[in-house]
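Engineer: Pasting in a structure now, in structure tokens, and then I'll have a few things to ask.
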Amino acid sequence: MADLRALFSSNNPSEYDVVEAFTDRQYQWAVVAAALGEHLQHVARPGFDVEDLESPRTNLLMFHGVGGAGKSTLLRKIEAALTTAEDRPAQWGEPAWTQRLLPIRIDLSRSAQAGSDYERVLLTIRLALAGGLGRTLPSFDVALRNYWETVHPGEPLDEYIRRTGIAGKVTNLLPSQLQAGVGELAAALQLPGLVGSAAGQLTSALVTALRERQERAQALAGAARTAALLEATPDLEALSYYPHLLAWDLSRLPAKKTVTPVVLLDTFEDTADRHRDLERLLQRLVWLMPNVFFVLAGRSRLQWADPALHGQLDWTGPTAWPGLSTTRSVPAPRTDAPTGRQHLIGDLSAEDCETHLAQRLTIEGRPLIDADIRAAITTRSHGLPLHLDLAVSRFLEIRRTGRTPVAAAFDCSFPALLARTLSDLTAEERHLLRSVSLLDAWDLELATRAAGLTQQAPARRLTERPLISENPYALWPYHLHRAIRTAVREDTHSEDRWTDADWHQAATRALAALGEQWTAATTLGPSRLLLVACLRQGLRLARDRNLADLGWLTDAAYAYTDDSVWEPLTLPTDTTGAPDTPADALAELLTAITRRQHEHRQRTVDRLTEVLDSGLLSTEVIELALYYRAKAYKDLDQGAAARAGMRQVADADGRLAPKARRGLANLARLAGDFPTALAAVPTLGWTGRHHRVLGDIQWSHADTDQAVAAFEAGRTEAEEHGAAGERAMMQVRLALALSFADPDRADAELSLARQLLESLDQRSNALLAQVVALIKDAGSDGIIDRARSLNTDITGAGLPFLHRFVELAVAFHHAVREEDLELAAAIGRLHELTATGDFAYFTDIAHFMGGLPLPGPTTTQWIDSPDAVRARWQHLVQTRRTRTGP
């Protein structure tokens with residue numbers, strides 16, 4: 001089919017080929033084919049009765065989706081596919097049925113038919129049957145002619161049909177068939193005097209004959225309710241029940257004339273009003289014609305199965321419409337089997353978008369739109385077909401002005417897309433739509449507060465629109481279609497568009513609403529999921545809308561860093577330069593802290609230094625940057641810088657002072673000053689992770705029992721506080737303490753540590769767990785190769801302090817195997833790695849393991865006597881040597 005709009009966009013239409021590209025929508029066709037096949041089997045069963053008005057109805061399908069999703073295109077393609085096999089896409093395959101079908105597509109849109117009403121719908125169906133059957137349908141035709149002469153006196157039906165353009169080529173067929181039907185009935189009832197008379201007279205005669213149970217009359221129009229319908233006042237109410245007569249007539253057709261109409265009602269949303277008057281009449285049409293198959297398409301799902309509509313519609317509830325679920329439907333994967341009678345028209349896949357754009361405009365079979373432009377359009381469209389069509393129009397417009405289209409020209413939204421979206425929304429819903437466009441996802445409460453409303457009802461109504469998707473298992477179940485969200489946020493054309501002040505007020509409300517949800521949840525206990533979700537949305541809001549008052553985000557930032565879990569917080573469209581707003585600075589701060597698990601620690605130092613130098617951080621969060629920069633300095637073996645940073649934070653006596661004091665204690669331990677580190681433990685408490693500090697001191701002294709007790713106590717304390725990150729760290733250190741003394745138990749504890757680390761993002765602890773595996777396996781083959789590979793990973797991670805742990809594991813391995821030369825080499829490497837003074841006690845421990853004298857004075861200040869420490873390390877080596885055997 002030619003795309004006429006594109007065809008008329010150039011003075012040289014032969015320059016390129018223009019077609020209305022159709023992406024397969026194979027799943028939707030499978031849905032239609034399966035449902036239609038079931039319908040044909042149902043009506044062919046011996047027990048099927050067209051007069052049964054009580055049985056549930058399954059003779060319809062509903063496709064719903066956001067404006068521009070391709071519903072009308074799909075219905076046109078279905079109509080064509082049901083008309084001739086040549087118009088059916090090859091990928092759709094052959095249908096399973098052989099019965100004759102008559103597709104009848106009716107566009108209910110107000111733009112397609114001004115004042116579209118039930119009368120026109122019914123006439124369109126009858127006109128299509130007139131052309132498809134070429135014969136009268138007696139009982140319906142008599143009733144219709146009587147109605148027309150009564151309701152439209154003096155207005156010939158053929159002139160009305162021509163004036164309204166309802167049926168095109170078959171305009172003259174219906175009036176002549178109606179006249180012929182009257183003559184047939186008059187002759188059949190042996191009432192020749194009525195031929196050519198008013199339809200009302202024949203109707204009265206037919207009713208009398210039916211009441212007298214004349215066999216000929218019953219054969220012609222013998223539905224049980226025919227007489228009652230013909231006796232009723234011929235008005236719109238009566239007309240809405242005439243489809244029962246039409247269904248009866250279709251069921252009485254001779255076998256050679258049998259046909260199954262497939263009525264396709266497009267733009268069904270245009271039937272909606274607060275009284276549902278037209279919808280009620282159309283529902284009667286579907287219910288009263290159970291031998292006709294209906295396919296409906298509209299923006300909203302069909303609500304007929306909702307019992308709440310009882311009284312507004314004639315048949316409601318899941319019993320009447322078992323295939324129409326009252327729950328929101330979601331786009332089904334292509335591989336799913338078709339189920340139900342209500343389906344969401346989802347977005348096109350990236351592959352389908354590419355196919356659509358490549359086939360839409362071609363030159364000698366080659367795509368006119370270049371691949372990079374097609375990729376840019378696909379990305380921006382988020383699979384919405386309307387966006388693709390508008391982008392094609394923009395492509396032709398750029399060419400028409402003599403310019404060469406480039407990909408950057410399509411990084412935009414289209415006012416027409418937004419106009420389609422807003423056209424059927426109330427003013428209140430448009431206000432809500434703009435408010436929730438600021439949020440990635442939301443629930444009814446969040447949407448209501450972001451919009452500044454006091455009731456949730458408008459938000460609930462908005463969620464029933466197809467432009468809102470739902471994931472019932474998500475923290476916030478609702479989100480706006482991404483292409484529409486972009487168009488709403490970039491709106492500069494609609495009449496009721498927001499000013500910058502409007503957007504700022506809405507962003508402030510949304511940020512406050514997020515904070516209120518998080519704060520309220522903390523009273524019930526910590527919720528890491530909610531914390532991270534609120535931080536992600538809040539940071540983006542504050543950054544993108546340049547909100548000066550960060551409020552609860554400061555508290556949330558501290559809560560996020562407190563447990564060392566490090567879920568990714570990287571925000572889309574991150575700025576590439578230095579931060580220029582407080583919100584931008586806070587977002588960069590948290591991103592740098594989180595990304596250090598995946599970046600070299602020097603990159604972490606650089607990022608944190610940059611954000612500190614920006615001067616945009618509030619006083620409350622400056623210590624957060626100082627503390628984590630000091631930690632990065634420690635990991636980089638820059639002890640002096642680490643101590644200076646920790647001291648600065650500790651002296652400020654702020655939120656992180658306990659952690660900074662722990663950091664200073666750890667730095668004292670790294671320098672070999674164990675008495676100072678031990679003296680700090682009683683002052684640290686839970687916040688300063690006192691058990692972790694104590695355990696690190698104890699295992700370094702080969703005091704396994706005391707170290708294990710400390711780490712177990714720290715693990716228990718972490719569990720009591722719901723601190724998953726700290727629990728994992730304690731578990732890794734517990735396995736470390738045991739790895740020298742009890743390989744079997746260490747193996748079990750290490751297995752648990754790895755399980756705990758799986759859901760976290762702690763790179764240094766994951767690498768330390770690999771060191772633990774080396775130590776517990778010391779004395780066995782393959783240790784050196786594993787150590788070499790681990791050192792490579794450590795270098796890539798920018799965590800040089802872990803090289804010391806690897807060399808200590810290697811030294812233990814060689815001591816166990818009594819490989820003196822190799823042990824000496826390992827000690828030499830340790831000496832080089834500890835030349836700065838930090839971890840110098842590892843060199844002492846390596847000497848102790850091998851029973852070697854220290855080469856000179858040591859800087860290590862042990863808690864016990866050096867001889868006691870030496871004896872314990874030698875005992876661990878000897879125990880392992882005995883275990884591994886010769």
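We name chains A, B, ... following the order of the structure tokens; residues begin at 1 in each chain, and ligands are numbered from 1 as shown.
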Where in stretch 419-486 of chain A does DSSP assign alpha helix (DSSP H), given as number ranges by chain?
Structural biologist: A: 419-422, 427-436, 444-450, 457-463, 482-486
Engineer: Can you work out the spacing between atom CA of A:Leu133 and atom CA of A:Leu102 in Å, to one decimal?
Structural biologist: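 Calculated distance between atom CA of A:Leu133 and atom CA of A:Leu102 is 9.4 Å.
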Engineer: Would you mind listing what lies within 12 Å of stretch 639-643 of chain A as number ranges by chain, with only C-alpha atoms counted and same-chain residues fewer than 4 positions away left out?
Structural biologist: A: 605, 626-635, 647-651, 660-671, 801, 834-839
Engineer: Skip A:Ala811 itself and residues of its chain fewer than 4 positions away, then list as a list in words all residues within 7 Å of it, counting only C-alpha atoms.
Structural biologist: Glu807, Ala815, Leu823, Ala826, Ile827 and Ala846 of chain A
Engineer: Go ahead and save the picked residues with N, CA and C atoms, as a compact mmCIF listing (two decimals), in the first residue's frame.
Structural biologist:
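Heads up, here's the output in part_16.txt:
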# COMPACT_ATOMS: atom_id res chain seq x y z
N GLU A 807 51.17 -12.49 48.82
CA GLU A 807 52.54 -12.92 49.12
C GLU A 807 52.63 -13.60 50.48
N ALA A 815 56.53 -22.24 53.31
CA ALA A 815 56.96 -22.68 54.64
C ALA A 815 56.43 -24.07 54.94
N LEU A 823 60.69 -19.58 49.73
CA LEU A 823 60.23 -18.76 50.86
C LEU A 823 61.04 -17.47 50.95
N ALA A 826 59.80 -15.08 48.40
CA ALA A 826 58.52 -14.48 48.80
C ALA A 826 58.75 -13.40 49.85
N ILE A 827 59.65 -13.68 50.81
CA ILE A 827 59.95 -12.68 51.83
C ILE A 827 60.56 -11.43 51.19
N ALA A 846 56.13 -13.71 57.96
CA ALA A 846 56.73 -14.66 57.01
C ALA A 846 58.01 -15.28 57.60
Engineer: Given the choices A:His244, A:His691, A:Arg45, A:Arg100, which gets closest to A:Arg284 if the distance is worked out from only C-alpha atoms?
Structural biologist: A:His244
Engineer: Contacts of A:Arg380 at 12 Å or less, counting only C-alpha atoms, minus same-chain residues fewer than 3 places along, as a PyMOL selection string?
Structural biologist: chain A and resi 350+353+373-377+383-388+390-391+407-414+481-487
Engineer: Using only C-alpha atoms, can you tell me which of A:Thr843, A:Ser527, A:Thr561, A:Ser751 comes closest to A:Ala824?
Structural biologist: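 Nearest to A:Ala824: A:Thr843.
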Engineer: Got a sec: who's within 8 Å of A:Thr859, counting only C-alpha atoms, leaving out chain neighbours fewer than 6 positions off, as a list in words?
Structural biologist: Gly672, Ala840 and Tyr841 of chain A
Engineer: Create the file for the chosen residues now, containing N, CA and C atoms and written as a PDB file, in the first residue's frame.
Structural biologist:
ATOM      1  N   GLY A 672      51.961  -1.377  62.156  1.00  0.00           N
ATOM      2  CA  GLY A 672      52.568  -2.277  63.136  1.00  0.00           C
ATOM      3  C   GLY A 672      52.414  -1.806  64.561  1.00  0.00           C
ATOM      4  N   ALA A 840      54.366  -3.876  57.271  1.00  0.00           N
ATOM      5  CA  ALA A 840      55.722  -4.418  57.478  1.00  0.00           C
ATOM      6  C   ALA A 840      55.679  -5.645  58.383  1.00  0.00           C
ATOM      7  N   TYR A 841      54.670  -5.724  59.235  1.00  0.00           N
ATOM      8  CA  TYR A 841      54.578  -6.891  60.115  1.00  0.00           C
ATOM      9  C   TYR A 841      54.290  -8.174  59.335  1.00  0.00           C
TER      10      TYR A 841
END
Engineer: Could you check the closest approach to A:Leu553 for each of A:Gly515, A:Gly615, A:Pro156, A:Pro800 and tell me which residue wins, using only C-alpha atoms?
Structural biologist: A:Gly515
Engineer: When distances are computed from only C-alpha atoms, which of A:Arg252, A:Arg528, A:Arg434, A:Arg163 shows the smallest separation from A:Ala556?
Structural biologist: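 Closest candidate: A:Arg528.
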Engineer: May I have the residues within 9 Å of A:Thr508 as an MDAnalysis selection string, using only C-alpha atoms and disregarding those fewer than 3 positions away in the same chain?
Structural biologist: chainID A and resid 450 503:505 511:513 541:542 545 547 549
Engineer: Could you tell me how far atom CA of A:Arg655 lies from atom CA of A:Leu617, in Å and to one decimal?
Structural biologist: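 According to the coordinates, atom CA of A:Arg655 and atom CA of A:Leu617 are separated by 15.5 Å.
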